[in-house]
Structures are given as C-alpha cells and as structure tokens.
Amino acid sequence: MEKDRKFNAVVTGVGMYVPEKIMDNAFFEKIVDTNDEWIRSRTGIRERRLLENGATSDLATKAAEDLLKSKNMTADEVDVIIVATVTPDMFFPATACLVQNNIGAKNAWGFDLSAACSGFLFAFQTGCSLIESGRYKKVMVIGADKMSSITDYTDRNNCILFGDAASAVLLEPSEDHTIGLQDSLLRIDGSGKNALYMSGGGSLNPPTHETVDKKMHYIFQDGKAVFKVAVKGMADISYEIMQKNNLSSEDIAYLVPHQANLRIIDATAERMGLSKDKVMINIDRYGNTTAATIPLCLTEYYRDGKIKKGDKLILSAFGAGFTWGASYLVWSI
Ligand code: UT7
C-alpha cells in the first residue's frame with residue numbers, strides 16, 4: 001500500500017449489541033429435523049441471538065451507542081456512518097440515516113453498503129479510505145444484520161446457521177504508519193450469484209403473493225457449493241495477504257475470520273500456519289451474524305484484554321456475491 005499519504009486509518013473504539021433472546025440447538029431440534037450433534041460438528045454453532053422486536057437499525061443504534069459511551073464521546077463528533085448490512089430496515093431510506101437520527105449525529109453523512117458476509121470488510125476499507133484522504137476525522141463503521149428477518153425457519157439447511165447482532169468500530173487518522181490498516185485484498189465475482197441469494201422483493205422479482213408463496217423472501221443457499229469456494233477463497237486470500245506483506249505465522253497475533261462455519265475457519269488457519277489459539281472464535285455463541293461477525297470478535301477480544309496495541313491482525317471473510325477478501329490491520333488501542 002502506498003506510504004506517501006499523510007494519515008493511516010486506525011481503530012480507536014469498538015461497540016457491540018446482541019439481543020438477549022437465545023436460540024440454542026435444542027430449540028431447533030423442536031422446530032426442524034436436526035440435532036445438537038449435527039449442528040455442532042458441521043458448523044461449530046451452539047446458540048445464536050434473536051431480535052424479537054425491532055429492526056436492523058435498532059441493533060446498529062445500540063452498537064453505535066455502546067461505542068460512543070465507551071469512548072465518552074458525543075454523536076455530533078461523528079463525520080461519517082457506514083452501515084454494512086443485507087437486512088436494511090427498508091430499501092430506503094438507508095439504515096445509516098436511521099442510525100444517524102437515533103444517535104443524534106447531526107454533523108454526519110453516510111450510507112449503507114451491501115456485500116453480505118464480506119460487508120464489514122468492504123465497509124472497513126471504505127471507511128479507512130475516507131480517513132486516509134484526510135477529509136474526515138471520525139468514521140463509524142457498523143456491521144449489522146437481523147438475519148432472522150430473512151430466514152426460513154422450516155428450512156433445516158439454513159435456519160440453524162444465522163443470528164442477529166450488530167457491532168461497530170470508530171476510525172480516526174494517525175500519522176503513525178506502523179498502526180492501523182496496512183493492506184487489503186478485496187474481490188467480487190458475480191458468477192457465484194446462483195449459490196447464495198434472496199431473489200424476492202427487488203426489481204427483478206417485486207413482491208407479489210407468488211413471491212411470498214414461493215418463499216423468495218428468504219435466504220437460499222447451496223451450502224455445499226458455497227462451502228467449497230469459501231474454504232478456498234478465504235484460505236487463499238488470507239495466505240496471499242501474508243505473503244504480500246512478508247508476514248510469517250509467528251508475526252500474526254490473530255486471524256479474525258468471518259464466522260460462517262468452524263470448518264471453514266479451521267481450514268483458513270491451517271493454510272496460514274496458525275495454531276487455534278491465534279484464531280478469534282465466537283461462532284459457538286452467535287452463529288453467522290453476516291456483517292457483524294468480524295467487529296463482534298474484535299470488540300469481545302479487545303474488551304477481554306486479549307488484543308493489545310501493535311498486534312498484527314488478519315481480517316478475512318467470504319460471502320454472497322461472491323464477495324471475499326482479507327485485510328492486514330495493526331491494532332491501535
Ligand atoms: O456466510 C456466507 C457464506 N456461507 C457459508 O460459508 C456457508 C457454507 N456452507 C456450510 O457451512 C455448510 O455447507 C453447511 C453447514 C451449510 C452444511 O454442511 P455440509 O457438511 O455441507 O452438509 P450438506 O449440505 O452436505 O448436508 C449433509 C447432510 C444432508 O443429508 P444427506 O443428503 O447426506 O442425507 C443434509 O440433508 O446433512 C443434512 N442436513 C442436516 N441434517 C441435520 C442438512 N442440514 C441439516 C441439519 N440437521 N440442520
């Protein structure tokens with residue numbers, strides 16, 4: 001990455017929100033033909049959270065408020081709000097606008113970004129670029145998804161995977177180039193569009209009784225097909241960013257992977273030569289929360305005192321689109 005710019009974008013704050021209601025594997029044993037052993041061994045998930053009342057903007061607002069409170073700062077200091085989500089409250093206005101209004105960020109602009117499970121990674125790079133430009137001083141990047149709003153709870157292949165959550169990071173400029181975002185490798189490949197999608201409700205299939213009857217407003221996933229490309233895509237790009245930045249496995253404090261399936265995470269860590277203690281995991285407690293997984297890991301590990309300033313992290317994700325990528329971040333708080 002070019003070093004001639006004045007500022008690096010560094011993470012200066014984190015925040016999160018998970019709803020209280022827990023859906024454990026026993027709950028799914030009651031509603032579909034599945035069992036705890038299958039879910040744990042095939043995915044690594046034990047439980048996930050459910051937002052019973054409210055929408056994605058409520059999750060995102062609570063994560064933003066948690067961040068502001070922990071930083072002891074006011075919302076009017078925020079310049080930009082980016083919300084990564086595939087479950088916006090509505091097509092428009094953007095969820096970012098709803099969050100802006102809820103928290104009272106009266107000097108901010110912002111927008112939503114749609115990149116499914118890679119949403120946080122893509123929004124993080126976007127936010128960092130705004131900081132690096134020198135034009136903005138405080139950018140809030142939020143990953144938020146109410147996956148329960150697009151999950152078919154009669155489809156055992158998919159319903160056991162997803163949960164609701166939101167998490168946020170604050171980006172600020174630093175003239176210290178040894179900390180903050182060092183590099184990103186991000187990719188999209190729309191030839192994967194038939195493996196993971198929600199086909200109803202958009203301009204292709206506007207909502208009708210038929211789209212509802214055909215369950216087109218729910219996630220469709222060819223799990224096996226996605227698994228194959230996700231394992232390769234996430235492992236390859238994580239390895240590539242290590243090579244490009246001359247990082248050995250000893251140099252890396254943590255892999256911060258999107259939490260879709262423990263087996264995909266293990267394969268990525270193995271390719272990078274990382275032992276299990278260097279991999280952030282919380283899929284067991286939250287399942288796949290789409291855009292929220294990576295900042296949720298960062299927030300929990302930071303608050304537990306498990307990451308410190310100067311730690312080298314590789315953030316990595318794969319999702320619908322296909323979208324995927326990896327970022328090399330040096331922790332700064
Ligand atoms: O985050 C965005 C990107 N998404 C991903 O990365 C997800 C990628 N895919 C996966 O993680 C995995 O493919 C799944 C967890 C979705 C499925 O695991 P799998 O090992 O690929 O299972 P499968 O789809 O090949 O199914 C194996 C068997 C099938 O039965 P038969 O045909 O072998 O008799 C399924 O019907 O397991 C069955 N099955 C289940 N059994 C019990 C599928 N879902 C369930 C279930 N409980 N919930």
# chains A, B, ... in the order shown; residues from 1 in each chain; ligands from 1
>>> residues_around(residues="range 17-34 of chain A", least_positions_apart="5", cutoff="7 Å", atoms="only C-alpha atoms", output="ChimeraX atom specification")
/A:46-51,59,62-63,154,156,160,164-167
>>> residues_around(residues="Lys308 in chain A", least_positions_apart="5", cutoff="8 Å", atoms="only C-alpha atoms", output="list in words")
Tyr302, Trp331, Ser332 and Ile333 of chain A
>>> residues_near_ligand(ligand="ligand 1", cutoff="6 Å", atoms="only C-alpha atoms and all ligand atoms", output="PyMOL selection string")
chain A and resi 34-35+38+42-43+117+156-157+160+223-224+226-227+230+260-261+318-320
>>> closest_residue(among="A:Ser199, A:Ser114, A:Ser184, A:Ser191", to="Ser129 in chain A", atoms="only C-alpha atoms")
A:Ser184
>>> residues_around(residues="Ser238 in chain A", least_positions_apart="2", cutoff="8 Å", atoms="only C-alpha atoms", output="list in words")
Met234, Ala235, Asp236, Glu240, Ile241, Met242, Thr268, Met272, Ile314, Ser316, Gly325 and Ala326 of chain A
>>> select_by_dssp(residues="range 73-249 of chain A", states="strand (DSSP E)", output="PyMOL selection string")
chain A and resi 80-84+109-113+139-146+164-174+180-188+196-197+220-221
>>> select_by_dssp(residues="range 178-267 of chain A", states="helix (DSSP H, G or I)", output="PyMOL selection string")
chain A and resi 190-192+209-213+223-244+262-267
>>> residues_around(residues="Val169 in chain A", least_positions_apart="5", cutoff="7 Å", atoms="only C-alpha atoms", output="PyMOL selection string")
chain A and resi 11+13-15+140-142+295
>>> write_last_selection(atoms="all heavy atoms", output="PDB file, in the first residue's frame")
ATOM      1  N   VAL A  11      -8.117   2.081  14.295  1.00  0.00           N
ATOM      2  CA  VAL A  11      -9.316   1.822  15.109  1.00  0.00           C
ATOM      3  C   VAL A  11      -9.098   2.448  16.482  1.00  0.00           C
ATOM      4  O   VAL A  11      -8.107   2.152  17.155  1.00  0.00           O
ATOM      5  CB  VAL A  11      -9.560   0.301  15.252  1.00  0.00           C
ATOM      6  CG1 VAL A  11     -10.729   0.038  16.219  1.00  0.00           C
ATOM      7  CG2 VAL A  11      -9.843  -0.332  13.897  1.00  0.00           C
ATOM      8  N   GLY A  13     -12.001   2.861  18.669  1.00  0.00           N
ATOM      9  CA  GLY A  13     -13.094   2.478  19.570  1.00  0.00           C
ATOM     10  C   GLY A  13     -13.889   1.329  18.981  1.00  0.00           C
ATOM     11  O   GLY A  13     -13.869   1.103  17.763  1.00  0.00           O
ATOM     12  N   VAL A  14     -14.576   0.603  19.868  1.00  0.00           N
ATOM     13  CA  VAL A  14     -15.405  -0.522  19.437  1.00  0.00           C
ATOM     14  C   VAL A  14     -16.725  -0.507  20.221  1.00  0.00           C
ATOM     15  O   VAL A  14     -16.804   0.081  21.298  1.00  0.00           O
ATOM     16  CB  VAL A  14     -14.691  -1.886  19.661  1.00  0.00           C
ATOM     17  CG1 VAL A  14     -13.508  -2.060  18.727  1.00  0.00           C
ATOM     18  CG2 VAL A  14     -14.258  -2.049  21.118  1.00  0.00           C
ATOM     19  N   GLY A  15     -17.731  -1.155  19.659  1.00  0.00           N
ATOM     20  CA  GLY A  15     -19.014  -1.278  20.353  1.00  0.00           C
ATOM     21  C   GLY A  15     -19.786  -2.454  19.798  1.00  0.00           C
ATOM     22  O   GLY A  15     -19.521  -2.894  18.677  1.00  0.00           O
ATOM     23  N   MET A 140     -17.563   6.069  11.570  1.00  0.00           N
ATOM     24  CA  MET A 140     -18.101   4.919  12.292  1.00  0.00           C
ATOM     25  C   MET A 140     -18.501   3.854  11.269  1.00  0.00           C
ATOM     26  O   MET A 140     -19.300   4.129  10.378  1.00  0.00           O
ATOM     27  CB  MET A 140     -19.325   5.358  13.101  1.00  0.00           C
ATOM     28  CG  MET A 140     -19.707   4.410  14.202  1.00  0.00           C
ATOM     29  SD  MET A 140     -21.224   4.972  15.007  1.00  0.00           S
ATOM     30  CE  MET A 140     -20.571   5.823  16.408  1.00  0.00           C
ATOM     31  N   VAL A 141     -17.928   2.672  11.401  1.00  0.00           N
ATOM     32  CA  VAL A 141     -18.263   1.558  10.503  1.00  0.00           C
ATOM     33  C   VAL A 141     -19.014   0.520  11.319  1.00  0.00           C
ATOM     34  O   VAL A 141     -18.486  -0.007  12.304  1.00  0.00           O
ATOM     35  CB  VAL A 141     -16.993   0.932   9.882  1.00  0.00           C
ATOM     36  CG1 VAL A 141     -17.372  -0.248   8.994  1.00  0.00           C
ATOM     37  CG2 VAL A 141     -16.212   1.970   9.091  1.00  0.00           C
ATOM     38  N   ILE A 142     -20.242   0.257  10.897  1.00  0.00           N
ATOM     39  CA  ILE A 142     -21.106  -0.663  11.652  1.00  0.00           C
ATOM     40  C   ILE A 142     -21.461  -1.864  10.766  1.00  0.00           C
ATOM     41  O   ILE A 142     -21.851  -1.693   9.611  1.00  0.00           O
ATOM     42  CB  ILE A 142     -22.429   0.035  12.074  1.00  0.00           C
ATOM     43  CG1 ILE A 142     -22.144   1.357  12.797  1.00  0.00           C
ATOM     44  CG2 ILE A 142     -23.273  -0.896  12.949  1.00  0.00           C
ATOM     45  CD1 ILE A 142     -23.396   2.186  13.117  1.00  0.00           C
ATOM     46  N   PRO A 295     -16.460  -7.404  13.512  1.00  0.00           N
ATOM     47  CA  PRO A 295     -16.340  -6.427  14.592  1.00  0.00           C
ATOM     48  C   PRO A 295     -16.782  -6.968  15.956  1.00  0.00           C
ATOM     49  O   PRO A 295     -16.276  -6.541  16.992  1.00  0.00           O
ATOM     50  CB  PRO A 295     -17.244  -5.267  14.132  1.00  0.00           C
ATOM     51  CG  PRO A 295     -18.152  -5.848  13.108  1.00  0.00           C
ATOM     52  CD  PRO A 295     -17.372  -6.950  12.445  1.00  0.00           C
TER      53      PRO A 295
END
>>> residues_around(residues="range 245-251 of chain A", least_positions_apart="5", cutoff="7 Å", atoms="only C-alpha atoms", output="ChimeraX atom specification")
/A:272-274,312
>>> closest_residue(among="A:Lys244, A:Asp66, A:Thr299, A:Ile237", to="Arg271 in chain A", atoms="only C-alpha atoms")
A:Ile237
>>> residues_around(residues="Tyr254 in chain A", least_positions_apart="4", cutoff="8 Å", atoms="only C-alpha atoms", output="count of residues only")
7
>>> atom_distance(atom1="CA of Arg303 in chain A", atom2="CA of Asn107 in chain A")
28.6 Å
>>> residues_around(residues="Ala96 in chain A", least_positions_apart="6", cutoff="10 Å", atoms="only C-alpha atoms", output="list in words")
Ser57, Ala60, Thr61, Val80, Ile81, Ile82, Val83, Ala84, Thr85, Pro88, Asn102, Ala108, Trp109, Gly110, Phe111, Asp112, Leu113, Val141 and Ile142 of chain A
>>> write_last_selection(atoms="C-alpha atoms", output="short mmCIF file (atom, residue, chain, number, x, y, z; two decimals), in the first residue's frame")
data_model
loop_
_atom_site.label_atom_id
_atom_site.label_comp_id
_atom_site.auth_asym_id
_atom_site.auth_seq_id
_atom_site.Cartn_x
_atom_site.Cartn_y
_atom_site.Cartn_z
CA SER A 57 -31.33 -0.07 12.71
CA ALA A 60 -26.95 -0.87 14.82
CA THR A 61 -28.07 2.04 17.01
CA VAL A 80 -19.50 9.54 8.56
CA ILE A 81 -21.66 6.50 9.35
CA ILE A 82 -21.35 3.43 7.13
CA VAL A 83 -23.70 0.52 7.81
CA ALA A 84 -22.84 -2.80 6.21
CA THR A 85 -26.00 -4.89 6.01
CA PRO A 88 -31.76 -2.98 5.95
CA ASN A 102 -31.39 7.72 16.52
CA ALA A 108 -22.68 13.18 9.80
CA TRP A 109 -23.35 11.85 6.33
CA GLY A 110 -23.34 8.19 5.48
CA PHE A 111 -24.71 5.27 3.54
CA ASP A 112 -25.40 1.52 3.56
CA LEU A 113 -23.07 -0.96 1.93
CA VAL A 141 -18.26 1.56 10.50
CA ILE A 142 -21.11 -0.66 11.65
#
>>> atom_distance(atom1="CA of Pro206 in chain A", atom2="CA of Ala94 in chain A")
18.9 Å
>>> atom_distance(atom1="CA of Asn158 in chain A", atom2="CA of Phe124 in chain A")
27.1 Å
>>> decode(residues="range 43-55 of chain A", atoms="N, CA, C and O atoms", output="short mmCIF file (atom, residue, chain, number, x, y, z; two decimals), in the first residue's frame")
data_model
loop_
_atom_site.label_atom_id
_atom_site.label_comp_id
_atom_site.auth_asym_id
_atom_site.auth_seq_id
_atom_site.Cartn_x
_atom_site.Cartn_y
_atom_site.Cartn_z
N THR A 43 -20.96 -27.27 11.99
CA THR A 43 -20.86 -25.80 11.92
C THR A 43 -20.09 -25.15 13.08
O THR A 43 -19.57 -24.05 12.92
N GLY A 44 -20.05 -25.80 14.23
CA GLY A 44 -19.44 -25.20 15.42
C GLY A 44 -20.39 -24.32 16.23
O GLY A 44 -19.99 -23.71 17.21
N ILE A 45 -21.66 -24.26 15.82
CA ILE A 45 -22.62 -23.36 16.48
C ILE A 45 -23.35 -24.09 17.63
O ILE A 45 -23.81 -25.22 17.46
N ARG A 46 -23.46 -23.39 18.77
CA ARG A 46 -24.23 -23.91 19.90
C ARG A 46 -25.50 -23.09 20.11
O ARG A 46 -26.53 -23.59 20.48
N GLU A 47 -25.37 -21.78 19.89
CA GLU A 47 -26.54 -20.90 20.07
C GLU A 47 -26.36 -19.63 19.27
O GLU A 47 -25.26 -19.30 18.82
N ARG A 48 -27.45 -18.93 19.04
CA ARG A 48 -27.46 -17.62 18.36
C ARG A 48 -28.51 -16.75 19.00
O ARG A 48 -29.32 -17.23 19.77
N ARG A 49 -28.48 -15.44 18.65
CA ARG A 49 -29.40 -14.48 19.27
C ARG A 49 -30.52 -14.13 18.31
O ARG A 49 -30.34 -14.12 17.09
N LEU A 50 -31.67 -13.77 18.90
CA LEU A 50 -32.85 -13.41 18.11
C LEU A 50 -33.38 -12.06 18.59
O LEU A 50 -33.67 -11.89 19.78
N LEU A 51 -33.53 -11.13 17.66
CA LEU A 51 -34.17 -9.85 17.99
C LEU A 51 -35.67 -10.03 17.81
O LEU A 51 -36.16 -10.20 16.69
N GLU A 52 -36.40 -10.03 18.93
CA GLU A 52 -37.84 -10.33 18.86
C GLU A 52 -38.65 -9.14 18.37
O GLU A 52 -39.62 -9.29 17.64
N ASN A 53 -38.26 -7.95 18.80
CA ASN A 53 -38.97 -6.74 18.36
C ASN A 53 -37.93 -5.74 17.87
O ASN A 53 -36.95 -5.49 18.55
N GLY A 54 -38.20 -5.16 16.70
CA GLY A 54 -37.28 -4.16 16.20
C GLY A 54 -36.63 -4.59 14.90
O GLY A 54 -36.95 -5.65 14.35
N ALA A 55 -35.72 -3.76 14.42
CA ALA A 55 -35.14 -3.97 13.11
C ALA A 55 -33.62 -3.79 13.19
O ALA A 55 -33.06 -3.51 14.25
#
